[in-house]
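Participant: This is the structure I want to talk about, given as structure tokens.
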There are 2 protein chains.
Amino acid sequence: MKARVGCIPCFVKQGLSAVRLSTQDPVAQQRVLDEVLRRIQGLSLDSSPALLSQIVYAAVREMTGVADPFAEARRRTNRLALALLPDLRRRIAASPDPLHIAIKAALIGNVVDFVVGQAFDLERDLAQGLETDLAVDDYPAFRAALKDCETSASSAGPRLLYICDNSGEIAFDRLLIEDLRTRCQVTASVKSRPIINDATMQDAEEVGLPAVAKVIETGSDDIGVNWSRASREFVEAFRAADLVIAKGQGNFETLDETPGEIFFLLKAKCPEVAAELGVAEGAHIFLRSRARRPR
Amino acid sequence: MKARVGCIPCFVKQGLSAVRLSTQDPVAQQRVLDEVLRRIQGLSLDSSPALLSQIVYAAVREMTGVADPFAEARRRTNRLALALLPDLRRRIAASPDPLHIAIKAALIGNVVDFVVGQAFDLERDLAQGLETDLAVDDYPAFRAALKDCETSASSAGPRLLYICDNSGEIAFDRLLIEDLRTRCQVTASVKSRPIINDATMQDAEEVGLPAVAKVIETGSDDIGVNWSRASREFVEAFRAADLVIAKGQGNFETLDETPGEIFFLLKAKCPEVAAELGVAEGAHIFLRSRARRPR
């Protein structure tokens with residue numbers, strides 16, 4: 001999707017969040033925000049919000065010298081999410097349709113605010129989230145697509161590429177992948193270098209993802225997928241995949257026009273993405289891409 | 001209060017809201033926002049957020065030529081609020097302490113989102129709000145202050161200046177003033193010219209305020225009170241007042257350091273004002289000013 005005018009205040013807000021994690025000095029914070037204001041002036045909106053927002057993070061990084069302000073937040077969110085797994089695993093196992101519940105759980109991982117969340121609140125949010133219906137739920141289409149490619153796939157089963165989004169959340173992704181791997185050959189992707197709270201190989205390892213899937217890197221630290229900087233390994237995994245699950249807004253924003261049998265699993269966290277999807281802000285979405293690869 | 005770095009994204013967001021009401025053309029919207037970004041670069045934060053935000057509204061006004069983008073919103077919110085008055089008046093009359101409930105009702109007027117509100121939601125929000133305790137409630141101090149100045153006041157009773165905030169809300173202010181006028185001589189103030197959804201004389205007239213209080217103008221279209229542009233009439237009403245009730249964030253931001261027996265009635269709608277007040281974001285507040293006039 002293309003960025004919209006409504007993304008502009010959000011770019012500034014993202015700059016504030018990043019600079020606050022990089023320096024405590026309000027004078028330095030304002031100087032960095034001034035640079036953010038300068039760089040986003042006259043910005044062409046002919047690109048996705050995810051890719052454009054990187055202008056902001058680059059400004060903060062260059063001016064503060066802090067390469068990875070979200071490092072500590074990633075460690076903490078992984079720990080919090082891992083603590084929730086035993087309960088969540090029981091809930092999934094007890095469900096009449098564990099795959100469907102695991103999909104909802106992985107989506108809730110994208111929703112729960114690990115950064116400010118208390119363990120108590122997280123458990124409550126999680127329980128509520130599992131009860132909530134998705135605003136768009138292409139689960140039947142996902143099951144059908146899975147069945148289709150089972151028929152045509154090699155004996156090792158269809159190939160599924162799972163594009164991870166955030167730290168913390170990635171522990172919940174692991175639960176979904178534990179189910180998916182009984183049906184498919186799963187490859188999961190993480191960022192090659194840190195960017196905001198997006199999961200990296202370190203996060204994958206912290207939640208034990210390599211034990212349940214082949215984990216590869218996207219090739220860059222772009223929010224979402226930037227084809228011009230993607231690794232050969234990621235491009236090949238994407239091309240070879242019978243099915244793709246792409247988590248979070250950044251991946252939706254950058255892959256919604258890419259042909260492929262892609263299922264987007266996200267919360268529409270902002271008004272612009274919600275408008276693009278035609279749903280209410282805050283809606284939970286499991287959406288089969290409208291830009292399917294011609295077969 | 002002084003603006004903080006956290007106000008900067010909000011200035012841009014306010015610019016977006018105003019420009020969206022001024023033009024539907026996204027190219028023009030972005031051009032105006034670019035100008036907003038330019039004007040707030042390097043801004044000295046040594047003033048209140050309310051006064052600084054006017055830089056934003058001036059940019060939007062100058063570039064779009066739309067002098068009063070919120071005019072229609074003000075008309076609509078007054079109509080919606082007026083429709084709620086009969087029910088609200090009954091609730092206040094039925095309460096064991098009508099003045100306290102009328103204060104809470106006037107605060108809820110500052111909270112209810114008339115702009116997007118459906119009548120159904122508004123009634124529900126209102127009923128819930130009246131049940132909710134305030135995070136800071138200096139009502140006992142207000143009663144005591146009222147009693148103090150009753151003793152010393154002329155036979156016409158103590159003088160109370162009621163500084164209004166928004167349209168819509170001003171209908172609820174009228175209900176509170178209907179109670180206050182049985183105890184005090186009430187003067188209410190509105191803006192001299194339109195600025196965002198702040199109440200003007202037209203709004204006061206639309207909700208029948210002149211029937212229950214003397215209504216004066218602040219002298220300007222500043223958000224909150226700007227002493228350097230205040231009318232002589234407003235300054236004299238403020239000086240003569242035994243008690244002041246100041247509604248909303250803008251009046252808190254601009255009057256919190258002004259000596260006087262001022263009671264602030266507001267919702268802490270943003271993180272920066274909440275931090276200034278030492279309360280949670282969203283808290284409902286009836287606060288006696290800490291900068292009381294020496295007696």
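Ordering of the structure tokens sets the chain letters (A, B, ...), residue numbers begin anew at 1 in every chain, and ligands are numbered from 1 in the order given.
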Please build the interface table for chain B against chain A with a cut-off of 10 Å, listing for each qualifying residue the nearest atom pair and the distance in Å to one decimal; count only C-alpha atoms, order rows by chain and increasing number, and write it as JSON lines.

Facilitator:
{"residue": "B:Arg4", "atom": "CA", "partner": "A:Pro26", "partner_atom": "CA", "distance": 8.1}
{"residue": "B:Val5", "atom": "CA", "partner": "A:Gln30", "partner_atom": "CA", "distance": 5.9}
{"residue": "B:Gly6", "atom": "CA", "partner": "A:Leu16", "partner_atom": "CA", "distance": 7.0}
{"residue": "B:Cys7", "atom": "CA", "partner": "A:Lys13", "partner_atom": "CA", "distance": 9.6}
{"residue": "B:Ile8", "atom": "CA", "partner": "A:Val12", "partner_atom": "CA", "distance": 7.7}
{"residue": "B:Pro9", "atom": "CA", "partner": "A:Lys13", "partner_atom": "CA", "distance": 5.1}
{"residue": "B:Cys10", "atom": "CA", "partner": "A:Pro9", "partner_atom": "CA", "distance": 7.4}
{"residue": "B:Phe11", "atom": "CA", "partner": "A:Pro9", "partner_atom": "CA", "distance": 8.3}
{"residue": "B:Val12", "atom": "CA", "partner": "A:Pro9", "partner_atom": "CA", "distance": 5.2}
{"residue": "B:Lys13", "atom": "CA", "partner": "A:Pro9", "partner_atom": "CA", "distance": 5.1}
{"residue": "B:Gln14", "atom": "CA", "partner": "A:Pro9", "partner_atom": "CA", "distance": 8.7}
{"residue": "B:Gly15", "atom": "CA", "partner": "A:Pro9", "partner_atom": "CA", "distance": 8.7}
{"residue": "B:Leu16", "atom": "CA", "partner": "A:Gly6", "partner_atom": "CA", "distance": 7.0}
{"residue": "B:Ser17", "atom": "CA", "partner": "A:Gly6", "partner_atom": "CA", "distance": 9.2}
{"residue": "B:Arg20", "atom": "CA", "partner": "A:Gly6", "partner_atom": "CA", "distance": 9.5}
{"residue": "B:Pro26", "atom": "CA", "partner": "A:Val5", "partner_atom": "CA", "distance": 6.7}
{"residue": "B:Val27", "atom": "CA", "partner": "A:Val5", "partner_atom": "CA", "distance": 8.4}
{"residue": "B:Ala28", "atom": "CA", "partner": "A:Val5", "partner_atom": "CA", "distance": 9.9}
{"residue": "B:Gln29", "atom": "CA", "partner": "A:Val5", "partner_atom": "CA", "distance": 7.0}
{"residue": "B:Gln30", "atom": "CA", "partner": "A:Val5", "partner_atom": "CA", "distance": 5.9}
{"residue": "B:Arg31", "atom": "CA", "partner": "A:Gly42", "partner_atom": "CA", "distance": 7.5}
{"residue": "B:Leu33", "atom": "CA", "partner": "A:Ile8", "partner_atom": "CA", "distance": 8.1}
{"residue": "B:Asp34", "atom": "CA", "partner": "A:Gln41", "partner_atom": "CA", "distance": 5.1}
{"residue": "B:Glu35", "atom": "CA", "partner": "A:Gln41", "partner_atom": "CA", "distance": 8.1}
{"residue": "B:Val36", "atom": "CA", "partner": "A:Gln41", "partner_atom": "CA", "distance": 9.3}
{"residue": "B:Leu37", "atom": "CA", "partner": "A:Leu37", "partner_atom": "CA", "distance": 5.5}
{"residue": "B:Arg38", "atom": "CA", "partner": "A:Arg38", "partner_atom": "CA", "distance": 7.0}
{"residue": "B:Arg39", "atom": "CA", "partner": "A:Leu37", "partner_atom": "CA", "distance": 9.7}
{"residue": "B:Ile40", "atom": "CA", "partner": "A:Asp34", "partner_atom": "CA", "distance": 8.1}
{"residue": "B:Gln41", "atom": "CA", "partner": "A:Asp34", "partner_atom": "CA", "distance": 5.1}
{"residue": "B:Gly42", "atom": "CA", "partner": "A:Asp34", "partner_atom": "CA", "distance": 6.2}
{"residue": "B:Leu43", "atom": "CA", "partner": "A:Asp34", "partner_atom": "CA", "distance": 8.7}
{"residue": "B:Ser44", "atom": "CA", "partner": "A:Gln30", "partner_atom": "CA", "distance": 9.7}
{"residue": "B:Leu45", "atom": "CA", "partner": "A:Gln30", "partner_atom": "CA", "distance": 9.4}

Participant: For a quick check: superposing chain B on chain A using all C-alpha atoms in order, what RMSD comes out?

Facilitator: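 Per the least-squares fit, the RMSD is 0.0 Å.
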
Participant: Tell me, as a VMD selection string, which residues lie within 8 Å of Cys184 in chain A, counting only C-alpha atoms; anything in the same chain fewer than 6 positions away does not count.

Facilitator: chain A and resid 156 to 160

Participant: Go ahead and save the residues from that selection, with C-alpha atoms, as a PDB file, in the first residue's frame.

Facilitator:
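result29.pdb, freshly written:
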ATOM      1  CA  ALA A 156       7.659 -33.878   2.232  1.00  0.00           C
ATOM      2  CA  GLY A 157       4.488 -31.772   2.069  1.00  0.00           C
ATOM      3  CA  PRO A 158       3.751 -28.266   0.817  1.00  0.00           C
ATOM      4  CA  ARG A 159       6.223 -25.496   1.484  1.00  0.00           C
ATOM      5  CA  LEU A 160       5.105 -22.647   3.735  1.00  0.00           C
TER       6      LEU A 160
END

Participant: Within 6 Å of range 250-256 of chain B, counting only C-alpha atoms, which residues show up once you throw out same-chain ones fewer than 3 positions away? Write them as a count of residues only, please.

Facilitator: 7

Participant: So, with only C-alpha atoms as the atoms that count, which of A:Leu99, A:Ala18, A:Leu209, A:Ala3 lies closest to Leu146 in chain A?

Facilitator: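 Nearest to Leu146 in chain A: A:Leu99.
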
Participant: Quick check for you: according to DSSP on this backbone, which residues of range 124-295 of chain A are classed as strand (DSSP E)? Reply as a PyMOL selection string.

Facilitator: chain A and resi 136-137+159-163+185-190+214-217+243-247+262-267+284-288

Participant: Mind writing the picked residues with C-alpha atoms as a compact mmCIF listing (two decimals), in the first residue's frame?

Facilitator:
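To be explicit, this is the file written out as out20.txt:
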# COMPACT_ATOMS: atom_id res chain seq x y z
CA VAL A 136 -11.87 -10.82 8.37
CA ASP A 137 -11.25 -14.55 8.73
CA ARG A 159 6.22 -25.50 1.48
CA LEU A 160 5.10 -22.65 3.74
CA LEU A 161 7.04 -19.44 4.32
CA TYR A 162 6.19 -17.76 7.60
CA ILE A 163 7.29 -14.09 7.66
CA GLN A 185 7.65 -27.83 5.43
CA VAL A 186 7.92 -24.54 7.27
CA THR A 187 10.56 -21.88 6.74
CA ALA A 188 10.37 -18.81 9.00
CA SER A 189 12.01 -15.48 8.27
CA VAL A 190 13.37 -12.79 10.57
CA LYS A 214 14.18 -23.60 9.29
CA VAL A 215 14.83 -19.93 10.13
CA ILE A 216 16.23 -17.59 7.47
CA GLU A 217 16.90 -13.86 7.29
CA LEU A 243 1.78 -20.70 0.90
CA VAL A 244 2.97 -17.62 2.76
CA ILE A 245 1.83 -16.31 6.14
CA ALA A 246 2.88 -12.68 6.63
CA LYS A 247 2.52 -11.18 10.08
CA ILE A 262 -0.17 -14.92 0.87
CA PHE A 263 -2.27 -14.83 4.03
CA PHE A 264 -1.89 -11.66 6.08
CA LEU A 265 -2.30 -12.03 9.82
CA LEU A 266 -2.44 -8.68 11.57
CA LYS A 267 -4.23 -6.17 13.68
CA HIS A 284 -8.13 -8.44 13.76
CA ILE A 285 -7.52 -9.78 10.29
CA PHE A 286 -6.62 -13.09 8.63
CA LEU A 287 -6.81 -12.09 4.98
CA ARG A 288 -6.00 -14.01 1.82

Participant: So that I can check the secondary structure, give me every residue of range 46-291 of chain A assigned alpha helix (DSSP H) by backbone DSSP, as a VMD selection string.

Facilitator: chain A and resid 49 to 64 71 to 94 98 to 109 119 to 131 139 to 152 169 to 180 201 to 206 232 to 240 248 to 255 271 to 277

Participant: So which residues touch Asn166 in chain B within 7 Å, counting only C-alpha atoms, skipping near sequence neighbours fewer than 3 positions away, as a VMD selection string?

Facilitator: chain B and resid 169 to 170 197 to 199

Participant: Please save N, CA and C atoms of the selected residues as a tab-separated table (two decimals), in the first residue's frame.

Facilitator:
chain	number	residue	atom	x	y	z
B	169	GLU	N	-20.05	20.78	24.83
B	169	GLU	CA	-19.77	20.86	26.26
B	169	GLU	C	-20.44	22.07	26.92
B	170	ILE	N	-20.52	23.16	26.19
B	170	ILE	CA	-21.05	24.40	26.78
B	170	ILE	C	-22.52	24.25	27.21
B	197	ASN	N	-12.73	23.86	18.02
B	197	ASN	CA	-14.12	23.69	18.47
B	197	ASN	C	-14.42	24.48	19.74
B	198	ASP	N	-13.58	25.47	20.05
B	198	ASP	CA	-13.83	26.28	21.24
B	198	ASP	C	-15.13	27.08	21.09
B	199	ALA	N	-15.82	27.22	22.21
B	199	ALA	CA	-17.11	27.90	22.18
B	199	ALA	C	-16.94	29.40	21.96

Participant: Applying 8 Å and only C-alpha atoms, which residues near Ile177 in chain B remain after dropping the ones on its own chain fewer than 2 positions away? List them as a PyMOL selection string.

Facilitator: chain B and resi 173-175+179-181+186+212-213

Participant: Could you write those residues out with C-alpha atoms, as an mmCIF file, in the first residue's frame?

Facilitator:
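To be explicit, this is the file written out as selection07.cif:
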data_model
loop_
_atom_site.group_PDB
_atom_site.id
_atom_site.type_symbol
_atom_site.label_atom_id
_atom_site.label_comp_id
_atom_site.auth_asym_id
_atom_site.auth_seq_id
_atom_site.Cartn_x
_atom_site.Cartn_y
_atom_site.Cartn_z
ATOM 1 C CA ASP B 173 -21.717 24.023 31.446
ATOM 2 C CA ARG B 174 -25.085 25.716 31.365
ATOM 3 C CA LEU B 175 -26.528 23.044 33.682
ATOM 4 C CA ASP B 179 -26.876 25.512 40.037
ATOM 5 C CA LEU B 180 -23.994 27.925 40.644
ATOM 6 C CA ARG B 181 -26.145 30.994 39.994
ATOM 7 C CA VAL B 186 -21.775 34.003 37.554
ATOM 8 C CA VAL B 212 -28.487 32.036 33.065
ATOM 9 C CA ALA B 213 -25.227 34.045 33.199
#

Participant: Excluding Asp221 in chain A and residues on its chain fewer than 5 positions from it, collect all residues at most 7 Å away from it, counting only C-alpha atoms, and give them as a VMD selection string.

Facilitator: chain A and resid 191 to 195
